[in-house]
Each structure stands twice: as C-alpha cells, then as structure tokens.
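Novice: This is the structure I want to talk about, given as structure tokens.
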Amino acid sequence: MILRSLDKKYNAIEKCLQILSIFSLDKTQFSINEICEKLDFNISTTYRILSTLEEYGYVSRLKNKDYVVGTQALYLSAIYTQSNHLEQIRPIVDAIRDISGETASFFVEEDSMRICLYRAHSRDEIRHNIEQGSRLELNRGASGRIILAYGKRKNDKAGFYKEIRDDGYYLSIHEHNPSLFAIAIPVISKSNIFVGAIVASGPISRFNENKKRLLLNILRSNLTKIVMP
C-alpha cells in the first residue's frame, strides 16, 4: 500500500515536470487539449495537475483558457542567478558583446551536457538559434571543448585537451554550425575552481586572424573582473 502510494506521488511529480517541459520560446502557451494530445494524458488528470501548478504559481491561465509559464519561474530564476554568481557573469557577457559586436555566452556543464546559462546576442541582423537554457552536446563546439578540457579531461597529460589547456582557449570553426565561428576561454574562480566557459561567436565571414587576437584580448581582459569565491 505504501509503495503504491509512493508510485502515485512519483507519477504525479513526473507528469508535472513533463507539462512544464513542453513550454518553449517557440511555443509559449498551450490549451489543455494541446497538452493532453502532446503528452497523451487524459483530460481529468491534466486539469488536476494544471490546477495544482497554477495554485503554486508555476503556470498561469489566460483569459482564453490557455496556459503559460507562471511567475514562480522568475523567483526560481532569481535564486539560480544568485547561487551561481550570474549577477557577476551577466554584465561581463554584456560587455564582451558590446565591445566585440559579436554574440557572447556563458556555458556550464550539467548531466554531461553543456548548458547556456546566459547569452547576449549581437545587435546585427544575423542571429544564432541558441538561447538561454539550451542543452547541447558536450563534445562539440568551443564551449564544450573548454568544459571537457578543464573538467572531465583535466587530468590528461597529453593530447587534444592538454593542448587546449596549454593554449588557454579553443577556437571552433565549421564545428557546430558551418556558417559560424566561436572562441571560448575558461572561467576560473579565485580558489582555482573551474566554473564554465565564456564564448564569443559570430558569422565566419567576419572572422580572421586579427579578429581572433582581438576577441581573445576582449575575453581575457573582461574575465579579470570576475571575483567568484
């Protein structure tokens, strides 16, 4: 009986998370019928879960009866920002974007993926298709190579990832997106702990050796402002 009760609670929690996970930048609101169809839930269960999520502020119901992400997400975002020192990272990423004219991003590792925690898009018309919260493969792209070199492969005594650490940066061209370049460097705390990777990226048409040197100088000079413990 106890195990059956625990199973029911687990299933309810899992269904809550499944509902929250379907919201995206491309699709920000859903009707209850759309949720049922997408997740193959029955309507009574879905309505009950949505009512609970609404009560706790995780979803809101619009006048047209569609559901959107609720304001509790903002509060959780504020907690995450503080606990992960993003209040320091954000102005630095913004400054790198403003000085370089290219998109700047901050990535960390989570569950063997690289997660974009903050992104300041270039102000030109060429936009990347990666947004904050995006989860990408760890073994591709400039940020992924840096995260591996200073994380899981930090003890390599020779080879590819040792060379990245020796250089102190990684340049990705035609690797994640054939039309883009990306150059990344590690973020190291005052206590010498690897935190993540900061990246500058843009269209390959704007990249050359002089741009590489300029971006490395911008990235490194701005990272001196980080004082993470």
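Chain labels run A, B, ... following the order of the structure tokens; each chain numbers its residues from 1, and ligands are numbered from 1 in the order shown.
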Run DSSP on the backbone and grab whatever in segment 90-187 of chain A lands in helix (DSSP H, G or I); send it over as a list in words.
Specialist: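 Helix (DSSP H, G or I) assignments inside segment 90-187 of chain A correspond to Arg90, Pro91, Ile92, Val93, Asp94, Ala95, Ile96, Arg97, Asp98, Ile99, Ser100, Gly141, Ala142, Ser143, Gly144, Arg145, Ile146, Ile147, Leu148, Ala149, Tyr150, Phe160, Tyr161, Lys162, Glu163, Ile164, Arg165, Asp166 and Asp167 of chain A.
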Novice: Quick one: residues within 12 Å of Gly144 of chain A, only C-alpha atoms counted, chain neighbours fewer than 4 positions away excluded, as a PyMOL selection string?
Specialist: chain A and resi 106-110+112-116+135-140+148-153+161+164+169-172+175-176+182-186+196-199
Novice: Within 10 Å of Ile49 of chain A, counting only C-alpha atoms, which residues show up once you throw out same-chain ones fewer than 3 positions away? Write them as a ChimeraX atom specification, please.
Specialist: /A:12-13,15-16,19,43-46,52-55
Novice: So that I have them on file, write out the residues from the current selection with N, CA and C atoms, as a short mmCIF file (atom, residue, chain, number, x, y, z; two decimals), in the first residue's frame.
Specialist:
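What landed in again.cif:
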data_model
loop_
_atom_site.label_atom_id
_atom_site.label_comp_id
_atom_site.auth_asym_id
_atom_site.auth_seq_id
_atom_site.Cartn_x
_atom_site.Cartn_y
_atom_site.Cartn_z
N ALA A 12 2.74 11.57 -10.35
CA ALA A 12 2.17 12.92 -10.39
C ALA A 12 3.28 13.96 -10.55
N ILE A 13 4.37 13.79 -9.84
CA ILE A 13 5.51 14.72 -9.96
C ILE A 13 6.08 14.67 -11.37
N LYS A 15 4.55 13.84 -14.10
CA LYS A 15 3.61 14.48 -15.03
C LYS A 15 3.69 16.01 -14.93
N CYS A 16 3.86 16.53 -13.72
CA CYS A 16 4.05 17.98 -13.54
C CYS A 16 5.25 18.47 -14.35
N ILE A 19 4.70 18.41 -18.11
CA ILE A 19 3.89 19.55 -18.57
C ILE A 19 4.75 20.81 -18.66
N ILE A 43 -7.75 14.08 -19.83
CA ILE A 43 -8.06 15.48 -19.54
C ILE A 43 -8.29 15.73 -18.04
N SER A 44 -8.86 14.77 -17.32
CA SER A 44 -9.12 14.99 -15.89
C SER A 44 -7.81 15.07 -15.11
N THR A 45 -6.87 14.17 -15.43
CA THR A 45 -5.56 14.20 -14.77
C THR A 45 -4.83 15.49 -15.10
N THR A 46 -4.88 15.88 -16.35
CA THR A 46 -4.19 17.10 -16.79
C THR A 46 -4.76 18.33 -16.11
N THR A 52 -3.02 22.44 -9.73
CA THR A 52 -2.00 22.46 -8.68
C THR A 52 -0.85 23.36 -9.07
N LEU A 53 -0.39 23.25 -10.31
CA LEU A 53 0.70 24.10 -10.79
C LEU A 53 0.30 25.57 -10.76
N GLU A 54 -0.95 25.84 -11.09
CA GLU A 54 -1.43 27.22 -11.05
C GLU A 54 -1.49 27.73 -9.62
N GLU A 55 -1.91 26.90 -8.69
CA GLU A 55 -2.00 27.29 -7.29
C GLU A 55 -0.64 27.71 -6.74
#
Novice: Name the residues of segment 91-170 of chain A that come out as strand (DSSP E) in a backbone DSSP run; write them as number ranges by chain.
Specialist: A: 103-110, 113-120, 135-137, 170
Novice: May I have the residues from that selection written out with N, CA and C atoms, as a PDB file, in the first residue's frame?
Specialist:
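Contents of the output file out_8.pdb:
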ATOM      1  N   THR A 103      28.072  37.961 -30.621  1.00  0.00           N
ATOM      2  CA  THR A 103      27.287  37.325 -29.570  1.00  0.00           C
ATOM      3  C   THR A 103      28.215  36.752 -28.502  1.00  0.00           C
ATOM      4  N   ALA A 104      27.869  36.943 -27.246  1.00  0.00           N
ATOM      5  CA  ALA A 104      28.651  36.402 -26.135  1.00  0.00           C
ATOM      6  C   ALA A 104      27.756  35.511 -25.277  1.00  0.00           C
ATOM      7  N   SER A 105      28.339  34.431 -24.737  1.00  0.00           N
ATOM      8  CA  SER A 105      27.559  33.446 -23.984  1.00  0.00           C
ATOM      9  C   SER A 105      28.380  32.870 -22.841  1.00  0.00           C
ATOM     10  N   PHE A 106      27.646  32.335 -21.862  1.00  0.00           N
ATOM     11  CA  PHE A 106      28.279  31.645 -20.742  1.00  0.00           C
ATOM     12  C   PHE A 106      27.681  30.253 -20.639  1.00  0.00           C
ATOM     13  N   PHE A 107      28.545  29.228 -20.643  1.00  0.00           N
ATOM     14  CA  PHE A 107      28.112  27.829 -20.595  1.00  0.00           C
ATOM     15  C   PHE A 107      28.685  27.123 -19.375  1.00  0.00           C
ATOM     16  N   VAL A 108      27.906  26.194 -18.827  1.00  0.00           N
ATOM     17  CA  VAL A 108      28.382  25.308 -17.767  1.00  0.00           C
ATOM     18  C   VAL A 108      28.032  23.877 -18.144  1.00  0.00           C
ATOM     19  N   GLU A 109      28.625  22.927 -17.410  1.00  0.00           N
ATOM     20  CA  GLU A 109      28.298  21.517 -17.616  1.00  0.00           C
ATOM     21  C   GLU A 109      27.197  21.092 -16.659  1.00  0.00           C
ATOM     22  N   GLU A 110      26.276  20.287 -17.169  1.00  0.00           N
ATOM     23  CA  GLU A 110      25.241  19.696 -16.332  1.00  0.00           C
ATOM     24  C   GLU A 110      24.784  18.412 -16.980  1.00  0.00           C
ATOM     25  N   MET A 113      26.038  17.454 -20.390  1.00  0.00           N
ATOM     26  CA  MET A 113      25.645  18.364 -21.468  1.00  0.00           C
ATOM     27  C   MET A 113      26.240  19.731 -21.160  1.00  0.00           C
ATOM     28  N   ARG A 114      26.279  20.601 -22.166  1.00  0.00           N
ATOM     29  CA  ARG A 114      26.657  21.996 -21.912  1.00  0.00           C
ATOM     30  C   ARG A 114      25.383  22.845 -21.974  1.00  0.00           C
ATOM     31  N   ILE A 115      25.218  23.656 -20.947  1.00  0.00           N
ATOM     32  CA  ILE A 115      24.001  24.441 -20.805  1.00  0.00           C
ATOM     33  C   ILE A 115      24.344  25.912 -20.968  1.00  0.00           C
ATOM     34  N   CYS A 116      23.591  26.608 -21.810  1.00  0.00           N
ATOM     35  CA  CYS A 116      23.777  28.049 -21.976  1.00  0.00           C
ATOM     36  C   CYS A 116      23.014  28.765 -20.865  1.00  0.00           C
ATOM     37  N   LEU A 117      23.757  29.303 -19.877  1.00  0.00           N
ATOM     38  CA  LEU A 117      23.103  29.977 -18.751  1.00  0.00           C
ATOM     39  C   LEU A 117      22.778  31.429 -19.060  1.00  0.00           C
ATOM     40  N   TYR A 118      23.597  32.056 -19.886  1.00  0.00           N
ATOM     41  CA  TYR A 118      23.313  33.455 -20.230  1.00  0.00           C
ATOM     42  C   TYR A 118      23.861  33.742 -21.613  1.00  0.00           C
ATOM     43  N   ARG A 119      23.130  34.562 -22.366  1.00  0.00           N
ATOM     44  CA  ARG A 119      23.519  34.852 -23.754  1.00  0.00           C
ATOM     45  C   ARG A 119      23.155  36.285 -24.091  1.00  0.00           C
ATOM     46  N   ALA A 120      24.112  37.018 -24.614  1.00  0.00           N
ATOM     47  CA  ALA A 120      23.873  38.388 -25.079  1.00  0.00           C
ATOM     48  C   ALA A 120      24.057  38.382 -26.590  1.00  0.00           C
ATOM     49  N   ARG A 135      20.346  23.111 -24.136  1.00  0.00           N
ATOM     50  CA  ARG A 135      21.215  21.995 -23.744  1.00  0.00           C
ATOM     51  C   ARG A 135      21.830  21.416 -25.013  1.00  0.00           C
ATOM     52  N   LEU A 136      23.157  21.399 -25.066  1.00  0.00           N
ATOM     53  CA  LEU A 136      23.859  20.960 -26.263  1.00  0.00           C
ATOM     54  C   LEU A 136      24.856  19.862 -25.925  1.00  0.00           C
ATOM     55  N   GLU A 137      25.288  19.152 -26.972  1.00  0.00           N
ATOM     56  CA  GLU A 137      26.295  18.112 -26.781  1.00  0.00           C
ATOM     57  C   GLU A 137      27.555  18.699 -26.158  1.00  0.00           C
ATOM     58  N   TYR A 170      39.851  27.814 -26.947  1.00  0.00           N
ATOM     59  CA  TYR A 170      39.580  26.905 -28.054  1.00  0.00           C
ATOM     60  C   TYR A 170      38.788  27.653 -29.121  1.00  0.00           C
TER      61      TYR A 170
END
Novice: Just the residues within 8 Å of segment 25-42 of chain A, please, counting only C-alpha atoms, with nothing from its chain fewer than 5 positions along; format it as a list in words.
Specialist: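 Counting only C-alpha atoms, the residues come to Gln18, Ile19, Tyr47, Lys65, Asp66, Tyr67, Val68 and Val69 of chain A.
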Novice: Go ahead and save the residues from that selection, with N, CA and C atoms, as a CSV table (one decimal), in the first residue's frame.
Specialist:
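So again-v2.csv came out as:
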chain,number,residue,atom,x,y,z
A,18,GLN,N,6.7,17.0,-16.8
A,18,GLN,CA,6.5,16.8,-18.3
A,18,GLN,C,5.7,18.0,-18.8
A,19,ILE,N,4.7,18.4,-18.1
A,19,ILE,CA,3.9,19.5,-18.6
A,19,ILE,C,4.7,20.8,-18.7
A,47,TYR,N,-6.1,18.4,-16.0
A,47,TYR,CA,-6.7,19.6,-15.4
A,47,TYR,C,-6.3,19.6,-13.9
A,65,LYS,N,-8.2,30.8,-21.7
A,65,LYS,CA,-8.1,29.5,-21.1
A,65,LYS,C,-6.8,28.7,-21.4
A,66,ASP,N,-5.9,29.3,-22.2
A,66,ASP,CA,-4.6,28.7,-22.5
A,66,ASP,C,-3.8,28.9,-21.2
A,67,TYR,N,-2.7,28.0,-21.2
A,67,TYR,CA,-1.8,28.1,-20.0
A,67,TYR,C,-0.4,28.6,-20.5
A,68,VAL,N,0.2,29.4,-19.6
A,68,VAL,CA,1.6,29.9,-19.8
A,68,VAL,C,2.4,29.6,-18.6
A,69,VAL,N,3.7,29.7,-18.7
A,69,VAL,CA,4.6,29.6,-17.5
A,69,VAL,C,4.2,30.7,-16.5
Novice: What is the distance between atom CA of Ala78 of chain A and atom CA of Tyr58 of chain A, in Å to one decimal?
Specialist: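 Atom CA of Tyr58 of chain A lies at a distance of 14.5 Å from atom CA of Ala78 of chain A.
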Novice: For Pro178 of chain A, which residue out of A:Leu223, A:Ile22, A:Ile92, A:Ile204 is the nearest one, using only C-alpha atoms?
Specialist: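 Using only C-alpha atoms, the shortest distance to Pro178 of chain A belongs to A:Ile204.
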Novice: What's around Ser179 of chain A at 10 Å? Count only C-alpha atoms, leave out sequence neighbours fewer than 5 positions away in its own chain, and write the answer as a list of chain:residue names.
Specialist: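 That gives A:Ile173, A:His174, A:Gly202, A:Pro203, A:Ile204, A:Ser205.
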Novice: Those residues with N, CA and C atoms, as a tab-separated table (two decimals), in the first residue's frame please?
Specialist:
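Output (result36.tsv):
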chain	number	residue	atom	x	y	z
A	173	ILE	N	35.57	26.33	-35.65
A	173	ILE	CA	35.14	26.82	-36.98
A	173	ILE	C	34.52	25.64	-37.73
A	174	HIS	N	33.34	25.84	-38.29
A	174	HIS	CA	32.62	24.79	-39.04
A	174	HIS	C	32.35	23.56	-38.17
A	202	GLY	N	30.20	34.38	-33.90
A	202	GLY	CA	29.61	35.21	-34.95
A	202	GLY	C	29.75	34.56	-36.31
A	203	PRO	N	29.32	35.23	-37.36
A	203	PRO	CA	29.41	34.67	-38.72
A	203	PRO	C	30.86	34.53	-39.18
A	204	ILE	N	31.15	33.44	-39.85
A	204	ILE	CA	32.51	33.15	-40.29
A	204	ILE	C	33.04	34.23	-41.24
A	205	SER	N	32.13	34.93	-41.91
A	205	SER	CA	32.54	35.99	-42.83
A	205	SER	C	33.24	37.14	-42.12
Novice: Rounded to one decimal place, report the atom CA of Glu209 of chain A-atom CA of Pro91 of chain A distance in Å.
Specialist: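 Atom CA of Glu209 of chain A sits 26.7 Å away from atom CA of Pro91 of chain A.
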